[in-house]
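input-v2.txt (compact mmCIF, C-alpha atoms) appears below.
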```txt
# COMPACT_ATOMS: atom_id res chain seq x y z
CA MET V 266 -5.66 -12.32 -17.46
CA LYS V 267 -6.28 -8.57 -17.71
CA GLU V 268 -4.10 -5.63 -18.69
CA ILE V 269 -4.16 -1.96 -17.73
CA THR V 270 -2.07 0.77 -19.32
CA LEU V 271 -1.35 3.58 -16.86
CA LYS V 272 -0.30 6.75 -18.68
CA THR V 273 1.13 9.74 -16.82
CA PRO V 274 3.04 12.83 -17.97
CA THR V 275 6.32 11.13 -17.01
CA SER V 276 5.91 7.58 -18.31
CA GLU V 277 3.70 4.65 -19.19
CA SER V 278 3.21 1.55 -17.06
CA LYS V 279 1.74 -1.76 -18.08
CA VAL V 280 -0.07 -3.68 -15.34
CA TYR V 281 -0.71 -7.38 -15.95
CA CYS V 282 -3.19 -8.90 -13.54
CA GLY V 283 -4.37 -12.48 -13.27
CA ALA V 284 -3.38 -16.12 -13.30
CA ASN V 285 -0.12 -16.90 -15.14
CA ALA V 286 0.83 -13.22 -15.38
CA PHE V 287 4.25 -13.93 -13.83
CA LYS V 288 5.09 -16.80 -16.15
CA SER V 289 3.81 -14.93 -19.21
CA TYR V 290 5.47 -11.54 -18.74
CA ILE V 291 8.66 -12.02 -16.73
CA SER V 292 10.34 -14.00 -19.52
CA GLU V 293 11.32 -10.87 -21.44
CA TYR V 294 13.73 -9.95 -18.63
CA LYS V 295 15.59 -13.27 -18.48
CA ASN V 296 18.28 -12.16 -20.90
CA LYS V 297 18.60 -8.59 -19.61
CA GLN V 298 20.85 -7.27 -16.88
CA ILE V 299 18.72 -7.40 -13.75
CA PHE V 300 19.11 -6.76 -10.04
CA LEU V 301 16.56 -8.41 -7.81
CA VAL V 302 15.41 -7.00 -4.46
CA THR V 303 13.45 -9.11 -1.97
CA ASP V 304 13.24 -9.84 1.74
CA THR V 305 14.01 -12.85 3.90
CA ASN V 306 10.40 -14.01 4.23
CA VAL V 307 9.73 -13.96 0.49
CA TYR V 308 13.10 -15.49 -0.39
CA ALA V 309 12.56 -18.36 2.06
CA ILE V 310 9.43 -19.32 0.11
CA TYR V 311 10.36 -18.39 -3.46
CA SER V 312 14.13 -18.87 -3.73
CA LYS V 313 13.67 -21.81 -6.13
CA LEU V 314 11.27 -19.86 -8.33
CA ILE V 315 13.69 -16.91 -8.34
CA ASP V 316 16.68 -19.11 -9.17
CA ASP V 317 14.79 -21.05 -11.85
CA THR V 318 13.52 -17.82 -13.42
CA PHE V 319 16.57 -15.56 -13.21
CA GLY V 320 19.45 -17.96 -12.54
CA SER V 321 21.09 -18.86 -9.24
CA ASN V 322 23.81 -16.26 -9.78
CA CYS V 323 21.39 -13.39 -10.36
CA PRO V 324 22.67 -10.28 -8.51
CA LYS V 325 20.32 -9.59 -5.63
CA CYS V 326 19.77 -8.00 -2.25
CA VAL V 327 17.84 -9.98 0.36
CA PHE V 328 17.16 -7.84 3.42
CA GLU V 329 15.48 -8.61 6.74
CA ALA V 330 11.69 -8.64 6.36
CA GLY V 331 9.66 -5.94 8.07
CA GLU V 332 8.97 -2.21 8.17
CA GLN V 333 12.07 -1.70 10.33
CA SER V 334 14.22 -2.41 7.25
CA LYS V 335 12.59 0.36 5.25
CA ASN V 336 15.31 2.87 6.09
CA PRO V 337 18.23 4.75 4.47
CA GLN V 338 20.72 2.08 5.59
CA THR V 339 18.95 -0.67 3.63
CA LEU V 340 18.53 1.69 0.68
CA PHE V 341 22.26 2.36 0.50
CA ARG V 342 23.04 -1.32 0.96
CA ILE V 343 21.00 -2.00 -2.20
CA LEU V 344 22.76 0.80 -4.10
CA ASN V 345 26.19 -0.44 -2.98
CA LEU V 346 25.38 -3.96 -4.15
CA MET V 347 24.12 -2.67 -7.48
CA LEU V 348 27.35 -0.78 -8.01
CA SER V 349 29.59 -3.65 -6.95
CA SER V 350 27.59 -6.00 -9.20
CA GLY V 351 28.36 -3.82 -12.21
CA MET V 352 24.81 -2.68 -12.90
CA ARG V 353 24.63 -0.35 -15.89
CA ARG V 354 22.16 2.34 -16.74
CA ASN V 355 20.08 -0.03 -18.89
CA CYS V 356 19.68 -2.56 -16.07
CA THR V 357 16.30 -3.47 -14.55
CA VAL V 358 15.52 -3.56 -10.86
CA ILE V 359 12.96 -6.24 -10.06
CA ALA V 360 11.10 -5.67 -6.80
CA PHE V 361 9.94 -9.15 -5.77
CA GLY V 362 7.88 -8.96 -2.59
CA GLY V 363 5.40 -6.92 -0.60
CA GLY V 364 5.00 -3.21 0.01
CA VAL V 365 8.27 -2.64 1.86
CA VAL V 366 10.24 -4.35 -0.91
CA GLY V 367 8.42 -2.40 -3.61
CA ASP V 368 8.88 0.97 -1.93
CA ILE V 369 12.59 0.64 -1.21
CA ALA V 370 13.49 -1.13 -4.47
CA GLY V 371 11.57 1.52 -6.40
CA LEU V 372 13.52 4.29 -4.70
CA ALA V 373 16.80 2.52 -5.41
CA ALA V 374 15.84 2.25 -9.10
CA ALA V 375 14.98 5.96 -9.19
CA LEU V 376 18.33 6.95 -7.65
CA TYR V 377 20.81 4.59 -9.29
CA MET V 378 22.51 6.38 -12.20
CA ARG V 379 19.61 8.87 -12.07
CA GLY V 380 17.09 6.19 -12.94
CA VAL V 381 17.05 2.64 -14.30
CA HIS V 382 14.23 0.33 -15.39
CA LEU V 383 11.86 -0.93 -12.69
CA VAL V 384 9.53 -3.94 -12.60
CA GLN V 385 7.24 -4.58 -9.66
CA VAL V 386 6.32 -8.20 -8.85
CA PRO V 387 4.05 -7.77 -5.82
CA THR V 388 3.61 -10.97 -3.80
CA THR V 389 1.05 -9.74 -1.24
CA ILE V 390 -2.55 -8.67 -1.72
CA LEU V 391 -1.80 -5.23 -0.29
CA ALA V 392 1.10 -4.67 -2.68
CA GLN V 393 -0.95 -5.83 -5.66
CA VAL V 394 -3.95 -3.61 -4.99
CA ASP V 395 -2.07 -0.57 -3.83
CA SER V 396 1.63 0.00 -3.25
CA SER V 397 3.04 -1.54 -6.46
CA VAL V 398 0.90 0.69 -8.69
CA GLY V 399 1.31 4.44 -9.07
CA GLY V 400 5.02 5.08 -8.65
CA LYS V 401 5.31 6.16 -5.02
CA THR V 402 8.66 5.07 -3.60
CA ALA V 403 10.07 5.84 -0.18
CA VAL V 404 11.87 4.91 3.01
CA ASP V 405 11.14 5.91 6.60
CA MET V 406 13.48 8.02 8.72
CA CYS V 407 13.53 9.22 12.35
CA GLY V 408 10.15 7.65 13.05
CA VAL V 409 8.44 9.40 10.15
CA LYS V 410 6.86 7.15 7.52
CA ASN V 411 7.81 7.62 3.85
CA VAL V 412 9.60 10.92 4.53
CA ILE V 413 12.33 10.26 1.92
CA GLY V 414 11.03 9.30 -1.48
CA THR V 415 10.07 10.22 -4.99
CA PHE V 416 7.55 9.42 -7.73
CA TYR V 417 9.01 6.82 -10.09
CA GLN V 418 6.76 4.72 -12.28
CA PRO V 419 7.55 1.04 -12.91
CA GLU V 420 7.52 0.02 -16.54
CA ARG V 421 5.73 -3.21 -15.59
CA VAL V 422 3.63 -4.42 -12.68
CA ILE V 423 3.01 -8.17 -12.68
CA ALA V 424 0.18 -9.03 -10.27
CA ASP V 425 -0.31 -12.79 -10.18
CA PRO V 426 -2.71 -14.39 -7.65
CA MET V 427 -0.53 -17.50 -7.46
CA PHE V 428 1.39 -15.75 -4.67
CA PHE V 429 -1.71 -15.61 -2.46
CA ALA V 430 -1.49 -19.35 -1.75
CA THR V 431 1.51 -18.85 0.55
CA LEU V 432 0.22 -15.81 2.45
CA PRO V 433 -0.41 -16.21 6.17
CA GLU V 434 -3.85 -15.20 7.45
CA ARG V 435 -2.50 -11.92 8.80
CA GLU V 436 -1.26 -10.89 5.34
CA VAL V 437 -4.66 -11.66 3.83
CA LYS V 438 -6.25 -9.45 6.49
CA CYS V 439 -3.66 -6.78 5.70
CA GLY V 440 -4.62 -6.80 2.02
CA LEU V 441 -8.32 -6.70 2.81
CA GLY V 442 -7.69 -3.49 4.74
CA GLU V 443 -6.67 -1.73 1.54
CA ILE V 444 -9.43 -3.43 -0.47
CA ILE V 445 -12.10 -2.12 1.92
CA LYS V 446 -10.51 1.32 1.61
CA TYR V 447 -11.13 1.10 -2.14
CA GLY V 448 -14.68 0.01 -1.39
CA ALA V 449 -15.18 3.32 0.40
CA LEU V 450 -13.81 5.17 -2.64
CA ASP V 451 -15.46 3.26 -5.49
CA GLY V 452 -19.19 2.49 -5.62
CA ASN V 453 -18.80 -0.65 -7.74
CA ILE V 454 -16.14 -2.13 -5.45
CA TYR V 455 -18.33 -1.27 -2.44
CA LEU V 456 -21.28 -3.19 -3.90
CA LYS V 457 -19.11 -6.23 -4.67
CA LEU V 458 -17.81 -6.25 -1.09
CA ILE V 459 -21.34 -6.09 0.32
CA GLU V 460 -22.52 -8.86 -2.00
CA ASN V 461 -19.57 -11.10 -1.04
CA VAL V 462 -19.21 -10.19 2.63
CA GLU V 463 -19.10 -13.85 3.70
CA GLY V 464 -16.40 -14.75 1.18
CA LEU V 465 -13.96 -11.85 1.29
CA ASN V 466 -10.92 -14.12 1.51
CA CYS V 467 -12.07 -16.52 -1.21
CA GLU V 468 -9.31 -16.84 -3.83
CA SER V 469 -11.60 -16.33 -6.84
CA PHE V 470 -13.14 -13.21 -5.27
CA LEU V 471 -9.73 -11.79 -4.35
CA SER V 472 -8.44 -12.31 -7.89
CA GLU V 473 -11.38 -10.34 -9.29
CA ILE V 474 -11.41 -7.53 -6.72
CA VAL V 475 -7.63 -6.98 -7.00
CA PHE V 476 -8.09 -5.97 -10.63
CA ASP V 477 -10.95 -3.62 -9.72
CA CYS V 478 -8.79 -1.90 -7.08
CA ILE V 479 -5.85 -1.58 -9.48
CA ARG V 480 -8.13 -0.07 -12.12
CA HIS V 481 -9.45 2.50 -9.65
CA LYS V 482 -5.98 3.46 -8.50
CA ALA V 483 -4.71 3.72 -12.08
CA GLN V 484 -7.50 6.16 -12.91
CA VAL V 485 -6.67 8.30 -9.89
CA VAL V 486 -2.93 8.29 -10.62
CA GLU V 487 -3.52 9.25 -14.25
CA SER V 488 -5.45 12.30 -13.09
CA ASP V 489 -3.02 13.30 -10.32
CA GLU V 490 0.34 11.53 -10.55
CA ARG V 491 2.15 13.74 -8.01
CA ASP V 492 -0.55 14.66 -5.49
CA GLU V 493 -1.01 18.10 -7.04
CA ASN V 494 -4.77 18.51 -7.53
CA GLY V 495 -6.13 16.54 -4.59
CA ALA V 496 -7.44 13.48 -6.43
CA ARG V 497 -4.65 11.22 -5.25
CA LYS V 498 -5.08 12.43 -1.68
CA THR V 499 -8.30 10.39 -1.54
CA LEU V 500 -6.21 7.20 -1.56
CA ASN V 501 -5.11 8.10 1.98
CA LEU V 502 -8.51 7.33 3.49
CA GLY V 503 -7.81 5.67 6.85
CA HIS V 504 -4.09 6.35 6.55
CA THR V 505 -3.66 9.51 8.66
CA THR V 506 -4.73 7.74 11.83
CA GLY V 507 -3.47 4.37 10.63
CA HIS V 508 0.06 5.63 9.97
CA ALA V 509 0.21 7.47 13.30
CA LEU V 510 -0.76 4.34 15.23
CA GLU V 511 1.51 2.13 13.11
CA LEU V 512 4.56 4.28 13.76
CA PHE V 513 3.85 4.71 17.48
CA TYR V 514 2.96 1.11 18.33
CA GLY V 515 4.27 -0.96 15.42
CA ASN V 516 2.89 -4.34 16.55
CA LYS V 517 0.43 -4.93 13.70
CA SER V 518 0.51 -4.96 9.92
CA HIS V 519 0.01 -1.87 7.79
CA GLY V 520 -3.35 -3.13 6.53
CA GLU V 521 -4.61 -3.74 10.06
CA TYR V 522 -3.71 -0.18 11.00
CA VAL V 523 -5.50 1.10 7.87
CA LEU V 524 -8.61 -0.75 9.06
CA ILE V 525 -8.28 0.78 12.53
CA GLY V 526 -7.74 4.19 10.95
CA MET V 527 -10.82 3.73 8.75
CA TYR V 528 -12.92 2.80 11.77
CA CYS V 529 -11.82 5.92 13.66
CA GLU V 530 -12.18 8.25 10.72
CA LEU V 531 -15.63 6.85 9.93
CA GLN V 532 -16.67 7.78 13.48
CA LEU V 533 -15.28 11.27 12.83
CA ALA V 534 -17.37 11.52 9.65
CA ARG V 535 -20.43 10.48 11.64
CA LYS V 536 -19.71 13.01 14.39
CA TYR V 537 -19.48 15.90 11.92
CA GLY V 538 -22.50 14.81 9.87
CA ILE V 539 -20.47 13.91 6.79
CA CYS V 540 -21.45 10.23 6.65
CA GLY V 541 -24.32 8.27 8.13
CA GLY V 542 -27.22 5.92 7.58
CA GLN V 543 -26.93 2.42 6.17
CA TYR V 544 -23.80 3.28 4.22
CA ALA V 545 -21.88 4.14 7.40
CA LYS V 546 -23.18 0.95 9.05
CA ASN V 547 -22.02 -1.13 6.07
CA ILE V 548 -18.51 0.36 6.02
CA GLU V 549 -18.19 -0.25 9.75
CA MET V 550 -19.47 -3.82 9.28
CA LEU V 551 -16.86 -4.51 6.55
CA VAL V 552 -14.05 -3.10 8.69
CA LEU V 553 -15.03 -5.12 11.77
CA LYS V 554 -15.64 -8.24 9.66
CA VAL V 555 -11.91 -8.29 8.90
CA LEU V 556 -10.57 -6.61 12.02
CA GLU V 557 -12.93 -8.61 14.31
CA GLN V 558 -12.60 -6.09 17.12
CA LEU V 559 -11.03 -2.71 17.74
CA PRO V 560 -7.85 -3.17 19.82
CA GLN V 561 -7.16 -1.12 22.91
CA PHE V 562 -4.11 1.14 23.00
CA LYS V 563 -2.36 2.78 25.91
CA ASP V 564 -1.40 6.45 25.69
CA ILE V 565 -3.48 7.03 22.57
CA GLN V 566 -3.08 10.82 22.79
CA SER V 567 0.71 10.53 22.49
CA ALA V 568 0.23 8.31 19.46
CA ALA V 569 -2.02 10.99 17.97
CA ASN V 570 0.91 13.43 18.06
CA VAL V 571 2.61 11.38 15.34
CA ALA V 572 -0.12 12.53 12.93
CA LEU V 573 1.54 15.96 12.97
CA HIS V 574 4.13 14.55 10.53
CA ASP V 575 1.53 13.53 7.95
CA LYS V 576 2.31 15.07 4.55
CA LYS V 577 -1.33 16.05 3.94
CA ASN V 578 -1.46 18.41 6.91
CA ASP V 579 -2.35 22.06 6.44
CA ASP V 580 -0.46 24.37 8.82
CA ASP V 581 -1.34 23.13 12.33
CA ASN V 582 -4.41 21.16 11.25
CA ILE V 583 -4.57 17.39 10.92
CA VAL V 584 -6.03 16.64 7.48
CA LEU V 585 -8.08 13.47 7.17
CA ILE V 586 -9.87 11.79 4.27
CA VAL V 587 -13.18 10.39 5.51
CA PRO V 588 -16.05 8.41 3.91
CA GLU V 589 -19.05 10.42 2.73
CA ARG V 590 -21.30 8.25 0.58
CA GLU V 591 -21.00 5.51 -2.06
CA GLY V 592 -18.08 6.35 -4.33
CA LYS V 593 -17.29 9.63 -2.58
CA CYS V 594 -15.12 10.79 0.29
CA ALA V 595 -14.50 14.16 1.94
CA GLU V 596 -11.61 16.10 3.47
CA LEU V 597 -11.81 17.06 7.13
CA LYS V 598 -9.37 19.37 8.95
CA LEU V 599 -9.03 19.28 12.72
CA PRO V 600 -6.76 21.11 15.19
CA LEU V 601 -4.43 18.65 16.93
CA LEU V 602 -6.06 19.01 20.35
CA GLU V 603 -9.50 18.28 18.91
CA TYR V 604 -8.12 15.28 17.00
CA LYS V 605 -6.44 13.91 20.14
CA LYS V 606 -9.60 14.25 22.19
CA PHE V 607 -11.64 12.54 19.50
CA LEU V 608 -9.26 9.56 19.28
CA LYS V 609 -9.34 9.07 23.03
CA ASP V 610 -13.14 9.21 23.06
CA CYS V 611 -13.31 6.85 20.06
CA PHE V 612 -11.33 4.10 21.79
CA ASP V 613 -12.95 4.71 25.17
CA ASN V 614 -16.42 4.34 23.64
CA ALA V 615 -15.44 1.14 21.80
CA ARG V 616 -14.66 -0.73 25.03
```
Is it possible to express this structure as structure tokens?
Amino acid sequence: MKEITLKTPTSESKVYCGANAFKSYISEYKNKQIFLVTDTNVYAIYSKLIDDTFGSNCPKCVFEAGEQSKNPQTLFRILNLMLSSGMRRNCTVIAFGGGVVGDIAGLAAALYMRGVHLVQVPTTILAQVDSSVGGKTAVDMCGVKNVIGTFYQPERVIADPMFFATLPEREVKCGLGEIIKYGALDGNIYLKLIENVEGLNCESFLSEIVFDCIRHKAQVVESDERDENGARKTLNLGHTTGHALELFYGNKSHGEYVLIGMYCELQLARKYGICGGQYAKNIEMLVLKVLEQLPQFKDIQSAANVALHDKKNDDDNIVLIVPEREGKCAELKLPLLEYKKFLKDCFDNAR
């Protein structure tokens, strides 16, 4: 088991990563006032573990699984239940689930009584490598992803690979989308992915690479907790296009859309001479190894309009983070019309 201390100007988080992390580090909360947040999919699998760990009468909110629940209505349902359950300012919110659970539970913890303790227990690969670490919390509204949120660091993140055993294949693919993103940002992770390309979903490999991704993200967050100097913006590689497609179509997982976004934005980097050679071929190979093939979308130019709501945008330009070379990415700004034309050409050429 490995430990990372993430220090920012606002707080300090401890991240525990590895086998038995849950059993070893959740025990300190058994005798504290806690409020547990999870979703229907996770609770269906882990209700016994939750009851055995926290007691069958533990105050909790179990909401319908899926991105569609990541909205202000669910947020206020959690806050209402916390209030009616008598939660005090020294209580601890435990986010037990994937990225949606972590985002909305984190925002509830930040808002309730102006901030209570927060522990993230991510149960998916994606949540372990990315969303549970770094303190970004949010809900979606009016078709715009993560438009209401704040930065609020958890005091603990408990990333235990035991949860991977119950993940469906699609969730493993979803997590690999974010892992490959980190491979395009970190030279050491990139080399490990290339060396293990035939065993990306092997449990022992996933356990090791999850820690590497967390370590990279922790370093970025320490240098730029609130997206102020541009370092944290790099973590959005693949996300500008991925988020736009996810919000417009919504029939795939977040990680799959990140992979699709990475594929498209890699082609952009090639077009503008930012990325090329064997490195570009290898990133494309990794993406397609997991994605298998690029899906076809109808009305792709209308989907591209959704990218106008991306928080990275500069005036009327779409701002994208694209691969450049091992361990380095670049920022590319495109007018909307140019971006729309490129996306259409990208999918047309992939047929």
Hey, can I get the axis-aligned box for region 322-334 of chain V? All listed atoms, 3 Å padding on each side, centre and edge lengths in Å to one decimal, as lines of an AutoDock Vina configuration file.
```
center_x = 16.4
center_y = -9.0
center_z = 0.0
size_x = 20.8
size_y = 20.6
size_z = 26.7
```
Nearest to Lys267 (chain V), chosen from V:Glu332, V:Glu473, V:Glu490, V:Glu463, with only C-alpha atoms counted in the distances: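 Closest to Lys267 (chain V), using only C-alpha atoms: V:Glu473.
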Name all residues at most 10 Å from Ser334 (chain V) (count only C-alpha atoms; drop same-chain ones fewer than 6 positions away) and give them as a PyMOL selection string. chain V and resi 304+328+340+365-366+369+404-405
Measuring between all atoms listed in the file, which one of V:Leu344, V:Leu608, V:Val462, V:Cys467 shows the shortest distance to Ile565 (chain V)?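 Using all atoms listed in the file, Ile565 (chain V) sits closest to V:Leu608.
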Take CA of Asp477 (chain V) and CA of Ser278 (chain V) and report the distance between them in Å, one decimal. 16.8 Å
Top pick for closest residue to Phe513 (chain V), considering V:Lys554, V:Lys410, V:His382, V:Lys605 and counting all atoms listed in the file: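 When distances to Phe513 (chain V) are compared using all atoms listed in the file, the smallest one comes from V:Lys410.
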Contact residues around Asn461 (chain V) with all atoms listed in the file at 12 Å, ignoring same-chain residues under 4 positions, as a list in words: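 Here the answer would be Ile454, Tyr455, Leu456, Lys457, Leu465, Asn466, Cys467, Ser469, Phe470, Leu471, Glu473, Ile474, Leu551 and Lys554 of chain V.
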If we count only C-alpha atoms and set the cut-off at 12 Å, which residues sit around Arg535 (chain V), ignoring sequence neighbours fewer than 4 positions away in its own chain? Please answer as a ChimeraX atom specification. /V:528-531,539-546,548-549,587-590,595,597,607,611
Output as a short mmCIF file (atom, residue, chain, number, x, y, z; two decimals), keeping the file's coordinate frame: region 509-536 of chain V, completed with N, CA and C atoms.
```cif
data_model
loop_
_atom_site.label_atom_id
_atom_site.label_comp_id
_atom_site.auth_asym_id
_atom_site.auth_seq_id
_atom_site.Cartn_x
_atom_site.Cartn_y
_atom_site.Cartn_z
N ALA V 509 -0.20 6.98 11.98
CA ALA V 509 0.21 7.47 13.30
C ALA V 509 0.28 6.32 14.30
N LEU V 510 -0.74 5.47 14.31
CA LEU V 510 -0.76 4.34 15.23
C LEU V 510 0.32 3.32 14.87
N GLU V 511 0.50 3.09 13.57
CA GLU V 511 1.51 2.13 13.11
C GLU V 511 2.91 2.54 13.55
N LEU V 512 3.23 3.81 13.40
CA LEU V 512 4.56 4.28 13.76
C LEU V 512 4.76 4.32 15.27
N PHE V 513 3.71 4.60 16.02
CA PHE V 513 3.85 4.71 17.48
C PHE V 513 3.89 3.34 18.14
N TYR V 514 3.05 2.41 17.67
CA TYR V 514 2.96 1.11 18.33
C TYR V 514 3.71 0.01 17.57
N GLY V 515 3.49 -0.07 16.26
CA GLY V 515 4.27 -0.96 15.42
C GLY V 515 4.11 -2.44 15.65
N ASN V 516 3.02 -2.91 16.26
CA ASN V 516 2.89 -4.34 16.55
C ASN V 516 1.85 -5.03 15.68
N LYS V 517 1.39 -4.35 14.63
CA LYS V 517 0.43 -4.93 13.70
C LYS V 517 0.86 -4.62 12.28
N SER V 518 0.17 -5.21 11.32
CA SER V 518 0.51 -4.96 9.92
C SER V 518 -0.06 -3.62 9.46
N HIS V 519 0.48 -3.13 8.35
CA HIS V 519 0.01 -1.87 7.79
C HIS V 519 -1.49 -1.92 7.49
N GLY V 520 -1.94 -3.02 6.89
CA GLY V 520 -3.35 -3.13 6.53
C GLY V 520 -4.26 -3.13 7.74
N GLU V 521 -3.81 -3.75 8.84
CA GLU V 521 -4.61 -3.74 10.06
C GLU V 521 -4.74 -2.32 10.59
N TYR V 522 -3.65 -1.56 10.53
CA TYR V 522 -3.71 -0.18 11.00
C TYR V 522 -4.59 0.69 10.07
N VAL V 523 -4.60 0.38 8.79
CA VAL V 523 -5.50 1.10 7.87
C VAL V 523 -6.95 0.83 8.27
N LEU V 524 -7.26 -0.42 8.61
CA LEU V 524 -8.61 -0.75 9.06
C LEU V 524 -8.97 0.01 10.34
N ILE V 525 -8.04 0.05 11.29
CA ILE V 525 -8.28 0.78 12.53
C ILE V 525 -8.46 2.27 12.23
N GLY V 526 -7.61 2.79 11.34
CA GLY V 526 -7.74 4.19 10.95
C GLY V 526 -9.06 4.48 10.28
N MET V 527 -9.53 3.55 9.42
CA MET V 527 -10.82 3.73 8.75
C MET V 527 -11.95 3.74 9.77
N TYR V 528 -11.87 2.84 10.75
CA TYR V 528 -12.92 2.80 11.77
C TYR V 528 -12.99 4.15 12.49
N CYS V 529 -11.84 4.65 12.93
CA CYS V 529 -11.82 5.92 13.66
C CYS V 529 -12.30 7.08 12.80
N GLU V 530 -11.84 7.12 11.57
CA GLU V 530 -12.18 8.25 10.72
C GLU V 530 -13.63 8.19 10.24
N LEU V 531 -14.20 6.98 10.19
CA LEU V 531 -15.63 6.85 9.93
C LEU V 531 -16.43 7.45 11.09
N GLN V 532 -15.98 7.20 12.32
CA GLN V 532 -16.67 7.78 13.48
C GLN V 532 -16.56 9.31 13.45
N LEU V 533 -15.42 9.81 12.99
CA LEU V 533 -15.28 11.27 12.83
C LEU V 533 -16.30 11.80 11.82
N ALA V 534 -16.43 11.10 10.70
CA ALA V 534 -17.37 11.52 9.65
C ALA V 534 -18.80 11.51 10.19
N ARG V 535 -19.11 10.53 11.01
CA ARG V 535 -20.43 10.48 11.64
C ARG V 535 -20.62 11.67 12.57
N LYS V 536 -19.61 11.95 13.40
CA LYS V 536 -19.71 13.01 14.39
C LYS V 536 -19.98 14.36 13.73
#
```
